[in-house]
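Containing mmCIF, C-alpha atoms and all ligand atoms: query11.cif.
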```
data_my_file
loop_
_atom_site.label_atom_id
_atom_site.label_comp_id
_atom_site.auth_asym_id
_atom_site.auth_seq_id
_atom_site.Cartn_x
_atom_site.Cartn_y
_atom_site.Cartn_z
CA MET A 1 0.00 0.00 0.00
CA GLN A 2 1.59 3.28 -1.12
CA THR A 3 0.68 6.00 1.36
CA TYR A 4 3.24 8.76 0.89
CA LEU A 5 1.14 11.17 -1.16
CA HIS A 6 1.58 14.35 0.85
CA GLY A 7 2.27 17.35 -1.38
CA ARG A 8 1.41 15.54 -4.61
CA ASP A 9 -0.59 17.09 -7.48
CA MET A 10 -3.40 15.28 -9.25
CA ILE A 11 -3.65 16.73 -12.75
CA GLY A 12 -3.71 13.69 -15.05
CA ASP A 13 -5.18 10.26 -14.38
CA LEU A 14 -1.83 8.52 -14.53
CA ASP A 15 -0.16 10.92 -12.07
CA PHE A 16 -0.92 8.33 -9.38
CA SER A 17 0.25 4.75 -9.87
CA LYS A 18 -2.29 1.93 -9.76
CA GLU A 19 -1.19 1.14 -6.20
CA GLU A 20 -1.64 4.79 -5.20
CA VAL A 21 -5.14 4.84 -6.72
CA GLU A 22 -5.89 1.72 -4.67
CA THR A 23 -4.83 3.67 -1.55
CA VAL A 24 -7.20 6.47 -2.57
CA MET A 25 -10.03 3.95 -2.94
CA ASP A 26 -9.26 2.43 0.45
CA VAL A 27 -9.38 5.82 2.16
CA ALA A 28 -12.49 6.85 0.17
CA PHE A 29 -14.43 3.79 1.37
CA ASP A 30 -13.32 4.46 4.95
CA LEU A 31 -14.48 8.08 4.70
CA LYS A 32 -17.80 6.98 3.20
CA ARG A 33 -18.30 4.64 6.15
CA LYS A 34 -17.33 7.34 8.66
CA ARG A 35 -19.80 9.80 7.15
CA ALA A 36 -22.58 7.19 7.26
CA LEU A 37 -21.85 6.69 10.98
CA ASN A 38 -21.57 10.41 11.74
CA GLU A 39 -18.02 9.75 12.85
CA PRO A 40 -16.01 12.99 12.77
CA HIS A 41 -12.94 12.86 10.55
CA PRO A 42 -11.25 16.29 10.70
CA TYR A 43 -8.01 15.29 8.96
CA LEU A 44 -7.63 18.77 7.42
CA ARG A 45 -8.47 20.99 10.37
CA ASP A 46 -7.44 24.63 9.75
CA LYS A 47 -6.55 23.88 6.10
CA VAL A 48 -8.03 25.87 3.25
CA LEU A 49 -8.51 24.83 -0.39
CA ALA A 50 -8.80 27.42 -3.16
CA MET A 51 -11.32 26.33 -5.80
CA LEU A 52 -10.70 28.39 -8.92
CA PHE A 53 -13.42 27.99 -11.56
CA PHE A 54 -13.20 29.13 -15.18
CA PHE A 55 -16.29 27.03 -16.00
CA SER A 56 -19.64 26.27 -14.36
CA SER A 57 -20.24 23.31 -12.07
CA THR A 58 -22.85 21.63 -9.88
CA ARG A 59 -21.26 18.43 -8.58
CA THR A 60 -17.59 19.40 -8.57
CA ARG A 61 -18.10 22.60 -6.63
CA GLY A 62 -20.60 21.05 -4.23
CA SER A 63 -18.53 17.96 -3.47
CA PHE A 64 -15.17 19.73 -3.03
CA GLU A 65 -16.75 22.39 -0.84
CA ALA A 66 -18.72 19.94 1.33
CA GLY A 67 -15.72 17.61 1.43
CA MET A 68 -13.37 20.26 2.82
CA ALA A 69 -15.90 21.22 5.51
CA GLN A 70 -16.37 17.55 6.50
CA LEU A 71 -12.59 17.21 6.79
CA GLY A 72 -12.52 20.12 9.23
CA GLY A 73 -11.21 22.71 6.79
CA HIS A 74 -12.67 25.29 4.44
CA ALA A 75 -12.96 25.71 0.67
CA ALA A 76 -12.88 29.15 -0.93
CA PHE A 77 -15.03 29.38 -4.08
CA ILE A 78 -13.35 31.71 -6.59
CA GLU A 79 -14.75 32.41 -10.03
CA SER A 80 -11.99 33.46 -12.42
CA LYS A 81 -14.06 36.41 -13.67
CA THR A 82 -14.14 37.88 -10.14
CA THR A 83 -10.33 37.84 -9.93
CA GLN A 84 -7.67 40.03 -11.57
CA ILE A 85 -6.76 37.25 -14.01
CA ALA A 86 -8.28 39.24 -16.89
CA HIS A 87 -6.17 42.23 -15.78
CA GLY A 88 -2.81 40.54 -15.78
CA ASP A 89 -2.53 37.90 -13.05
CA THR A 90 -0.73 35.07 -14.84
CA PRO A 91 -0.52 31.40 -13.78
CA LYS A 92 2.74 32.37 -12.05
CA GLU A 93 0.93 34.91 -9.83
CA ILE A 94 -1.84 32.42 -9.07
CA GLY A 95 0.61 29.62 -8.23
CA GLU A 96 2.99 31.78 -6.21
CA ILE A 97 0.35 33.78 -4.31
CA PHE A 98 -2.47 31.26 -3.84
CA GLY A 99 0.20 28.67 -3.03
CA ARG A 100 1.17 30.83 -0.04
CA TYR A 101 -2.42 31.55 1.12
CA TYR A 102 -3.94 28.13 0.62
CA ASP A 103 -3.04 24.54 1.44
CA GLY A 104 -4.18 23.31 -1.96
CA ILE A 105 -5.37 24.83 -5.24
CA ALA A 106 -8.14 23.11 -7.19
CA ILE A 107 -8.79 24.42 -10.70
CA ARG A 108 -11.46 23.81 -13.35
CA HIS A 109 -10.46 25.18 -16.75
CA CYS A 110 -12.02 23.33 -19.69
CA ASP A 111 -11.13 25.65 -22.61
CA TRP A 112 -9.84 23.54 -25.47
CA GLY A 113 -6.07 23.86 -25.88
CA LEU A 114 -5.75 26.07 -22.78
CA GLY A 115 -7.07 24.39 -19.64
CA ASN A 116 -4.48 21.69 -19.03
CA ARG A 117 -1.62 24.03 -19.92
CA TYR A 118 -2.95 26.62 -17.46
CA ILE A 119 -3.21 24.09 -14.62
CA ASN A 120 0.30 22.79 -15.26
CA ASP A 121 1.63 26.36 -15.39
CA VAL A 122 0.08 27.15 -11.99
CA ALA A 123 1.55 23.89 -10.64
CA LYS A 124 5.05 25.00 -11.66
CA TYR A 125 4.85 27.90 -9.22
CA SER A 126 2.70 26.54 -6.41
CA ARG A 127 4.21 25.19 -3.20
CA THR A 128 0.92 23.40 -2.38
CA PRO A 129 -0.84 20.57 -4.25
CA ILE A 130 -2.76 21.30 -7.46
CA LEU A 131 -5.97 19.36 -8.02
CA ASN A 132 -7.53 19.22 -11.48
CA MET A 133 -11.30 19.74 -11.16
CA GLN A 134 -11.54 19.11 -14.96
CA CYS A 135 -9.57 20.47 -17.85
CA ASP A 136 -9.75 20.05 -21.62
CA ILE A 137 -7.85 16.74 -21.40
CA TYR A 138 -8.64 15.04 -18.08
CA HIS A 139 -11.37 14.77 -15.43
CA PRO A 140 -9.48 12.61 -12.91
CA PHE A 141 -11.77 13.04 -9.89
CA GLN A 142 -14.81 12.01 -11.92
CA CYS A 143 -12.90 8.92 -12.97
CA LEU A 144 -11.99 8.03 -9.35
CA ALA A 145 -15.68 8.30 -8.38
CA ASP A 146 -16.53 6.12 -11.38
CA LEU A 147 -14.03 3.45 -10.35
CA MET A 148 -15.37 3.50 -6.79
CA THR A 149 -18.92 3.06 -8.11
CA ILE A 150 -17.91 0.18 -10.40
CA TRP A 151 -16.21 -1.58 -7.45
CA GLU A 152 -19.41 -1.16 -5.43
CA LYS A 153 -21.65 -2.54 -8.15
CA LYS A 154 -19.44 -5.14 -9.83
CA GLY A 155 -16.81 -6.04 -7.25
CA ARG A 156 -13.07 -5.49 -7.35
CA ASP A 157 -12.20 -8.34 -9.67
CA LEU A 158 -13.03 -6.72 -12.99
CA ARG A 159 -11.17 -9.13 -15.27
CA ARG A 160 -13.22 -9.98 -18.38
CA ARG A 161 -15.76 -7.27 -17.54
CA LYS A 162 -16.62 -5.25 -20.62
CA MET A 163 -16.95 -1.51 -20.24
CA VAL A 164 -18.21 0.51 -23.18
CA VAL A 165 -17.30 4.19 -23.21
CA SER A 166 -19.63 5.58 -25.84
CA TRP A 167 -20.26 8.93 -27.42
CA ALA A 168 -23.90 10.07 -27.23
CA TYR A 169 -25.81 12.81 -28.99
CA ALA A 170 -26.53 16.05 -27.11
CA GLU A 171 -27.74 19.50 -28.11
CA SER A 172 -26.98 21.62 -25.03
CA TYR A 173 -23.31 22.41 -25.68
CA SER A 174 -20.08 20.95 -26.99
CA LYS A 175 -18.98 18.97 -23.94
CA PRO A 176 -15.28 18.45 -23.14
CA ILE A 177 -13.57 15.21 -24.14
CA SER A 178 -11.96 14.88 -20.72
CA VAL A 179 -14.31 12.24 -19.27
CA PRO A 180 -13.87 9.59 -21.99
CA GLN A 181 -10.12 10.29 -22.07
CA SER A 182 -9.78 9.79 -18.31
CA LEU A 183 -11.84 6.59 -18.48
CA ILE A 184 -9.80 4.95 -21.23
CA LEU A 185 -6.59 5.73 -19.33
CA GLN A 186 -7.64 4.58 -15.85
CA MET A 187 -10.06 1.68 -16.36
CA PRO A 188 -7.75 -0.74 -18.19
CA ARG A 189 -5.39 -0.59 -15.18
CA PHE A 190 -8.19 -2.14 -13.12
CA GLY A 191 -8.74 -5.08 -15.43
CA MET A 192 -11.68 -4.04 -17.58
CA ASP A 193 -11.83 -4.69 -21.31
CA VAL A 194 -12.65 -1.23 -22.62
CA VAL A 195 -14.49 -0.58 -25.88
CA LEU A 196 -14.60 3.00 -27.09
CA ALA A 197 -17.55 3.75 -29.41
CA HIS A 198 -17.93 6.98 -31.35
CA PRO A 199 -18.71 8.32 -34.82
CA PRO A 200 -15.53 8.95 -36.84
CA GLU A 201 -15.44 12.71 -36.21
CA PHE A 202 -15.51 12.27 -32.43
CA ARG A 203 -12.13 10.62 -32.02
CA LEU A 204 -10.06 11.38 -28.94
CA MET A 205 -6.55 12.86 -28.81
CA PRO A 206 -4.04 10.55 -30.55
CA GLU A 207 -1.51 10.82 -27.68
CA ILE A 208 -4.20 9.82 -25.15
CA MET A 209 -5.22 6.89 -27.38
CA ASP A 210 -1.57 5.73 -27.47
CA MET A 211 -1.31 5.99 -23.68
CA ALA A 212 -4.57 4.04 -23.27
CA LYS A 213 -3.34 1.29 -25.61
CA ASP A 214 -0.12 1.07 -23.55
CA GLU A 215 -2.09 0.78 -20.30
CA ALA A 216 -4.32 -1.93 -21.76
CA LYS A 217 -1.29 -3.82 -23.06
CA LYS A 218 0.49 -3.61 -19.69
CA ALA A 219 -2.66 -4.83 -17.92
CA GLY A 220 -3.27 -7.59 -20.48
CA VAL A 221 -6.80 -6.40 -21.25
CA GLY A 222 -8.63 -5.49 -24.43
CA PHE A 223 -8.96 -1.99 -25.83
CA ASP A 224 -11.00 -1.64 -29.01
CA VAL A 225 -12.58 1.18 -30.97
CA VAL A 226 -15.88 0.80 -32.85
CA GLU A 227 -18.00 3.29 -34.80
CA ASP A 228 -21.39 1.83 -33.91
CA MET A 229 -23.14 2.49 -30.59
CA GLY A 230 -25.05 -0.82 -30.63
CA GLU A 231 -21.88 -2.80 -31.33
CA GLY A 232 -20.25 -1.07 -28.36
CA PHE A 233 -23.16 -1.87 -26.05
CA LYS A 234 -23.30 -5.55 -27.02
CA ASP A 235 -22.72 -7.74 -23.93
CA ALA A 236 -21.32 -4.84 -21.91
CA ASP A 237 -21.25 -5.06 -18.11
CA ILE A 238 -20.78 -1.32 -17.74
CA VAL A 239 -22.33 1.19 -20.12
CA TYR A 240 -20.85 4.69 -19.88
CA ALA A 241 -22.44 6.77 -22.63
CA LYS A 242 -22.11 10.53 -22.79
CA SER A 243 -21.68 13.31 -25.28
CA TRP A 244 -18.51 15.19 -26.19
CA GLY A 245 -17.61 17.68 -28.88
CA PRO A 246 -15.81 16.90 -32.17
CA LEU A 247 -12.92 18.98 -30.83
CA VAL A 248 -10.06 16.93 -32.24
CA HIS A 249 -11.71 17.00 -35.69
CA THR A 250 -12.62 20.69 -35.92
CA SER A 251 -12.33 23.88 -33.89
CA ASP A 252 -15.10 25.49 -35.95
CA ALA A 253 -18.24 25.62 -33.78
CA LYS A 254 -20.69 25.73 -36.72
CA GLU A 255 -19.03 22.79 -38.45
CA GLY A 256 -19.04 20.92 -35.12
CA GLU A 257 -22.76 21.52 -34.71
CA ALA A 258 -23.52 20.29 -38.23
CA ILE A 259 -21.45 17.14 -37.68
CA THR A 260 -23.10 16.44 -34.31
CA LYS A 261 -26.61 16.70 -35.84
CA LYS A 262 -25.84 13.73 -38.13
CA TYR A 263 -25.77 11.40 -35.14
CA ALA A 264 -29.03 12.17 -33.31
CA ASN A 265 -29.75 8.43 -33.14
CA TRP A 266 -26.81 7.90 -30.73
CA ILE A 267 -29.14 7.97 -27.72
CA THR A 268 -29.05 5.53 -24.82
CA ASP A 269 -32.56 4.11 -24.83
CA GLU A 270 -34.27 0.91 -23.71
CA LYS A 271 -33.55 -0.84 -27.02
CA LYS A 272 -29.82 -0.18 -26.88
CA MET A 273 -29.54 -1.05 -23.19
CA LYS A 274 -31.09 -4.45 -24.04
CA LEU A 275 -27.97 -5.17 -26.11
CA ALA A 276 -25.86 -4.98 -22.95
CA LYS A 277 -25.87 -7.72 -20.31
CA GLU A 278 -29.09 -8.02 -18.32
CA ASP A 279 -27.33 -6.84 -15.15
CA ALA A 280 -25.37 -4.07 -16.89
CA ILE A 281 -25.12 -0.73 -15.12
CA TYR A 282 -25.62 2.63 -16.81
CA MET A 283 -23.22 5.44 -15.88
CA HIS A 284 -23.09 9.13 -16.72
CA PRO A 285 -21.15 11.92 -14.95
CA LEU A 286 -24.03 14.38 -15.38
CA PRO A 287 -25.35 16.82 -16.42
CA ALA A 288 -27.15 14.81 -19.12
CA ASP A 289 -29.47 16.07 -21.86
CA ARG A 290 -32.56 14.13 -20.82
CA ASN A 291 -34.39 12.33 -23.66
CA VAL A 292 -31.72 13.48 -26.11
CA GLU A 293 -28.54 11.86 -24.79
CA VAL A 294 -30.37 9.25 -22.68
CA THR A 295 -34.05 8.50 -22.08
CA ASP A 296 -35.67 9.27 -18.72
CA GLY A 297 -36.49 5.56 -18.53
CA ILE A 298 -32.80 4.61 -18.51
CA LEU A 299 -31.49 7.55 -16.49
CA ASP A 300 -34.09 7.00 -13.77
CA GLY A 301 -34.32 3.24 -14.24
CA ALA A 302 -33.08 0.25 -12.27
CA GLN A 303 -29.79 -0.05 -14.16
CA SER A 304 -28.77 3.56 -13.62
CA VAL A 305 -26.16 4.26 -10.94
CA VAL A 306 -25.76 7.97 -11.68
CA TYR A 307 -26.64 9.26 -8.22
CA ASP A 308 -24.30 6.85 -6.44
CA GLU A 309 -21.67 7.91 -8.97
CA ALA A 310 -22.28 11.59 -8.17
CA GLU A 311 -22.16 10.86 -4.42
CA ASN A 312 -18.83 9.09 -4.77
CA ARG A 313 -17.26 12.30 -6.07
CA LEU A 314 -17.45 13.47 -2.45
CA HIS A 315 -15.71 10.45 -0.92
CA ALA A 316 -13.02 10.05 -3.59
CA GLN A 317 -12.12 13.74 -3.50
CA LYS A 318 -11.99 13.79 0.30
CA ALA A 319 -9.59 10.85 0.13
CA VAL A 320 -7.24 12.63 -2.27
CA MET A 321 -7.40 15.90 -0.29
CA ALA A 322 -6.74 14.11 3.01
CA LEU A 323 -3.79 12.25 1.50
CA THR A 324 -2.19 15.13 -0.40
CA MET A 325 -2.87 18.33 1.57
N1 LIG A 401 -19.69 15.59 -13.46
C1 LIG A 401 -19.33 16.87 -13.20
O1 LIG A 401 -18.14 17.23 -13.23
O2 LIG A 401 -20.35 17.69 -12.89
P1 LIG A 401 -20.28 19.28 -12.77
O3 LIG A 401 -19.91 19.80 -14.14
O4 LIG A 401 -21.64 19.72 -12.34
O5 LIG A 401 -19.23 19.65 -11.77
#
```

Would you kindly transcribe this structure into structure tokens?
Ligand code: CP
Amino acid sequence: MQTYLHGRDMIGDLDFSKEEVETVMDVAFDLKRKRALNEPHPYLRDKVLAMLFFFSSTRTRGSFEAGMAQLGGHAAFIESKTTQIAHGDTPKEIGEIFGRYYDGIAIRHCDWGLGNRYINDVAKYSRTPILNMQCDIYHPFQCLADLMTIWEKKGRDLRRRKMVVSWAYAESYSKPISVPQSLILQMPRFGMDVVLAHPPEFRLMPEIMDMAKDEAKKAGVGFDVVEDMGEGFKDADIVYAKSWGPLVHTSDAKEGEAITKKYANWITDEKKMKLAKEDAIYMHPLPADRNVEVTDGILDGAQSVVYDEAENRLHAQKAVMALTM
């Protein structure tokens, strides 16, 4: 069990080794149990986390903020537009200055081509841990909550379990590609055969695909790509279907919209879920476009684990904060 994580950043999914992620899971389950029993666990008393948001959030903000309070500390909610970032504060100022005020800096910056670079630039200058609350490339805390949920529903021995990570149609906005990228990097390490399903224009970053193939090879599991949602769902144990933008294909918003419209039939509905195993679970990080991306029947149905998944954000994040801050 690797426990020396104090001072570490979590920016990408592979920043922590598999053994270190197992430590996070162990602590997360313990914290979940403690909360259920009303057992105080003030591991971060007097510590303060800065939460710097360049993008909106429901779950991430709520769970980090509640998590810090439950650990005996405090989280400061800071929207980038209320800071002096637009007037000249660079990542160096944020890292140097916030690093001296706060015991950790959590950042959400999802702008394509900018977010991950910004977070890494702040990390260069910060003396305290940097936690990635989602960037254009990774959403590591979502992925930890997902792993925790899969362990709860399917057990820890995930060998020969098929997980499909599928693109789905949505109209609300061009969603980041960070969730599917995090999933294809982390899940093979835990024994799942991962199938990535998407229309051709929704491919992920080539360097992330190469890293995912390497992880699957090292773990001795399958990693396949298909261009048909139904084929992806076939015999799956875990269905994780969500929308993302055609960002790798085009940076033109109008072209992206036109491409997306071609695939309105990529919805998770009762017919497609029937292709998966009878006891398959349905996962989504939320927010979802109801009855566009997924039907109400599936999202609110017996196979859906989306609320447990959202809850586990709290426990997984508390574990990482308690271990690193
Ligand atoms: N899943 C997730 O990150 O949700 P929010 O965007 O609401 O934080």

Within 10 Å of range 294-306 of chain A: each range 157-264 of chain A residue with its shortest pair, all atoms listed in the file, as JSON lines:
```
{"residue": "A:Ala168", "atom": "CA", "partner": "A:Val294", "partner_atom": "CA", "distance": 8.0}
{"residue": "A:Tyr169", "atom": "CA", "partner": "A:Val294", "partner_atom": "CA", "distance": 8.6}
{"residue": "A:Ala170", "atom": "CA", "partner": "A:Val294", "partner_atom": "CA", "distance": 9.0}
{"residue": "A:Ile238", "atom": "CA", "partner": "A:Gln303", "partner_atom": "CA", "distance": 9.8}
{"residue": "A:Val239", "atom": "CA", "partner": "A:Ser304", "partner_atom": "CA", "distance": 9.5}
{"residue": "A:Ala241", "atom": "CA", "partner": "A:Val294", "partner_atom": "CA", "distance": 8.3}
{"residue": "A:Lys242", "atom": "CA", "partner": "A:Val294", "partner_atom": "CA", "distance": 8.4}
{"residue": "A:Ser243", "atom": "CA", "partner": "A:Val294", "partner_atom": "CA", "distance": 9.9}
```

message: Report, in Å to a single decimal, how far apart CA of Asp136 in chain A and CA of Ile177 in chain A are.
response: 6.7 Å

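One finds atom N1 of ligand LIG 401 (chain A) at 12.2 Å from CA of Phe55 in chain A.
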
message: Neighbours of ligand LIG 401 (chain A) at 7 Å or closer, counting all atoms listed in the file: which residues, as a list of chain:residue names?
response: A:Ser56, A:Ser57, A:Thr58, A:Arg59, A:Thr60, A:Arg61, A:Gln142, A:Pro285, A:Leu286, A:Pro287

- request: Find the residues near Arg161 in chain A: any atom within 8 Å, counting all atoms listed in the file, skip ones fewer than 5 places away on the same chain, and give them as an MDAnalysis selection string.
  value: chainID A and resid 191:193 236:238

For the selection just defined, write its residues with C-alpha atoms to a file, as a PDB file, in the frame of the given file.
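Done, and the output landed in result_26.pdb:
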```pdb
ATOM      1  CA  GLY A 191      -8.740  -5.080 -15.430  1.00  0.00           C
ATOM      2  CA  MET A 192     -11.680  -4.040 -17.580  1.00  0.00           C
ATOM      3  CA  ASP A 193     -11.830  -4.690 -21.310  1.00  0.00           C
ATOM      4  CA  ALA A 236     -21.320  -4.840 -21.910  1.00  0.00           C
ATOM      5  CA  ASP A 237     -21.250  -5.060 -18.110  1.00  0.00           C
ATOM      6  CA  ILE A 238     -20.780  -1.320 -17.740  1.00  0.00           C
TER       7      ILE A 238
END
```

Please identify all polymer residues within 6 Å of range 45-52 of chain A, counting all atoms listed in the file, omitting same-chain residues fewer than 4 positions from it, and present them as a short mmCIF file (atom, residue, chain, number, x, y, z; two decimals) with C-alpha atoms, in the frame of the given file.
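Contents of around.cif, freshly written:
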```cif
data_model
loop_
_atom_site.label_atom_id
_atom_site.label_comp_id
_atom_site.auth_asym_id
_atom_site.auth_seq_id
_atom_site.Cartn_x
_atom_site.Cartn_y
_atom_site.Cartn_z
CA GLY A 72 -12.52 20.12 9.23
CA GLY A 73 -11.21 22.71 6.79
CA HIS A 74 -12.67 25.29 4.44
CA ALA A 75 -12.96 25.71 0.67
CA ALA A 76 -12.88 29.15 -0.93
CA PHE A 77 -15.03 29.38 -4.08
CA ILE A 78 -13.35 31.71 -6.59
CA GLU A 79 -14.75 32.41 -10.03
CA TYR A 102 -3.94 28.13 0.62
CA ASP A 103 -3.04 24.54 1.44
CA GLY A 104 -4.18 23.31 -1.96
CA ILE A 105 -5.37 24.83 -5.24
CA ALA A 106 -8.14 23.11 -7.19
CA ILE A 107 -8.79 24.42 -10.70
#
```

message: (-20.3, -0.9, -29.7) in this file's frame - what residues fall within 9 Å of it? Use all atoms listed in the file and give the answer as number ranges by chain.
response: A: 164-166, 195-198, 225-234, 236

Write the selection just made, keeping C-alpha atoms, as an mmCIF file, in the coordinates of the input?
```
data_model
loop_
_atom_site.group_PDB
_atom_site.id
_atom_site.type_symbol
_atom_site.label_atom_id
_atom_site.label_comp_id
_atom_site.auth_asym_id
_atom_site.auth_seq_id
_atom_site.Cartn_x
_atom_site.Cartn_y
_atom_site.Cartn_z
ATOM 1 C CA VAL A 164 -18.210 0.510 -23.180
ATOM 2 C CA VAL A 165 -17.300 4.190 -23.210
ATOM 3 C CA SER A 166 -19.630 5.580 -25.840
ATOM 4 C CA VAL A 195 -14.490 -0.580 -25.880
ATOM 5 C CA LEU A 196 -14.600 3.000 -27.090
ATOM 6 C CA ALA A 197 -17.550 3.750 -29.410
ATOM 7 C CA HIS A 198 -17.930 6.980 -31.350
ATOM 8 C CA VAL A 225 -12.580 1.180 -30.970
ATOM 9 C CA VAL A 226 -15.880 0.800 -32.850
ATOM 10 C CA GLU A 227 -18.000 3.290 -34.800
ATOM 11 C CA ASP A 228 -21.390 1.830 -33.910
ATOM 12 C CA MET A 229 -23.140 2.490 -30.590
ATOM 13 C CA GLY A 230 -25.050 -0.820 -30.630
ATOM 14 C CA GLU A 231 -21.880 -2.800 -31.330
ATOM 15 C CA GLY A 232 -20.250 -1.070 -28.360
ATOM 16 C CA PHE A 233 -23.160 -1.870 -26.050
ATOM 17 C CA LYS A 234 -23.300 -5.550 -27.020
ATOM 18 C CA ALA A 236 -21.320 -4.840 -21.910
#
```

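Proximity of A:Leu204, A:Val194, A:Ile150, A:Met273 to Ile137 in chain A, computed with all atoms listed in the file, is greatest for A:Leu204.
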
task: For CA of Ala86 in chain A and CA of Gly99 in chain A, quote the distance in Å rounded to one decimal.
output: 19.4 Å

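For the set A:His109, A:Lys92, A:Arg8, A:Arg313, the residue with the smallest atom-to-atom gap to Lys124 in chain A is A:Lys92, counting all atoms listed in the file.
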
task: Counting only C-alpha atoms, note down every residue that has an atom within 9 Å of the point (-0.9, 16.8, -15.8) (file coordinates), as a PyMOL selection string.
output: chain A and resi 9-15+116-117+119-120+132+137-138

message: Using all atoms listed in the file for the distances, tell me which of A:Leu247, A:Ala288, A:Leu5, A:Leu275 is nearest to Trp112 in chain A.
response: A:Leu247

- prompt: Which polymer residues have any atom within 7 Å of an atom of Glu215 in chain A, counting only C-alpha atoms, with same-chain residues fewer than 3 positions away left out, as a PyMOL selection string?
  reply: chain A and resi 185+188-189+211-212+218-219

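With all atoms listed in the file as the atoms that count, the residue of A:Ile130, A:Ala310, A:Met163, A:Ala28 with the shortest distance to Ile281 in chain A is A:Met163.
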
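Shell of Leu183 in chain A at 8 Å, with all atoms listed in the file counted and residues fewer than 3 places along the chain excluded, is A:Cys143, A:Val165, A:Val179, A:Pro180, A:Gln186, A:Met187.
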
Closest of A:Ala276, A:Ile184, A:Phe54, A:Gly67 to Pro42 in chain A - atom-to-atom distances counting all atoms listed in the file: A:Gly67

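Taking all atoms listed in the file into account, Glu293 in chain A lies nearest to A:Ile267 out of the set A:Ala66, A:Ile208, A:Leu71, A:Ile267.
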
Taking the partial coordinates given, rebuild range 102-114 of chain A to contain N, CA and C atoms; return it as a short mmCIF file (atom, residue, chain, number, x, y, z; two decimals), in the coordinates of the input.
```cif
data_model
loop_
_atom_site.label_atom_id
_atom_site.label_comp_id
_atom_site.auth_asym_id
_atom_site.auth_seq_id
_atom_site.Cartn_x
_atom_site.Cartn_y
_atom_site.Cartn_z
N TYR A 102 -3.10 29.34 0.51
CA TYR A 102 -3.94 28.13 0.62
C TYR A 102 -3.09 26.88 0.79
N ASP A 103 -3.74 25.82 1.24
CA ASP A 103 -3.04 24.54 1.44
C ASP A 103 -3.21 23.62 0.24
N GLY A 104 -4.00 24.04 -0.72
CA GLY A 104 -4.18 23.31 -1.96
C GLY A 104 -4.92 24.23 -2.93
N ILE A 105 -4.68 24.02 -4.23
CA ILE A 105 -5.37 24.83 -5.24
C ILE A 105 -6.05 23.87 -6.22
N ALA A 106 -7.38 23.94 -6.24
CA ALA A 106 -8.14 23.11 -7.19
C ALA A 106 -8.61 24.03 -8.32
N ILE A 107 -8.47 23.56 -9.55
CA ILE A 107 -8.79 24.42 -10.70
C ILE A 107 -9.66 23.66 -11.70
N ARG A 108 -10.71 24.32 -12.20
CA ARG A 108 -11.46 23.81 -13.35
C ARG A 108 -11.28 24.80 -14.48
N HIS A 109 -10.68 24.33 -15.57
CA HIS A 109 -10.46 25.18 -16.75
C HIS A 109 -10.57 24.25 -17.97
N CYS A 110 -11.72 24.31 -18.62
CA CYS A 110 -12.02 23.33 -19.69
C CYS A 110 -11.78 23.87 -21.10
N ASP A 111 -11.29 25.10 -21.25
CA ASP A 111 -11.13 25.65 -22.61
C ASP A 111 -10.15 24.80 -23.41
N TRP A 112 -10.60 24.44 -24.59
CA TRP A 112 -9.84 23.54 -25.47
C TRP A 112 -8.48 24.16 -25.81
N GLY A 113 -7.44 23.40 -25.56
CA GLY A 113 -6.07 23.86 -25.88
C GLY A 113 -5.47 24.76 -24.81
N LEU A 114 -6.24 25.13 -23.80
CA LEU A 114 -5.75 26.07 -22.78
C LEU A 114 -5.76 25.49 -21.36
#
```
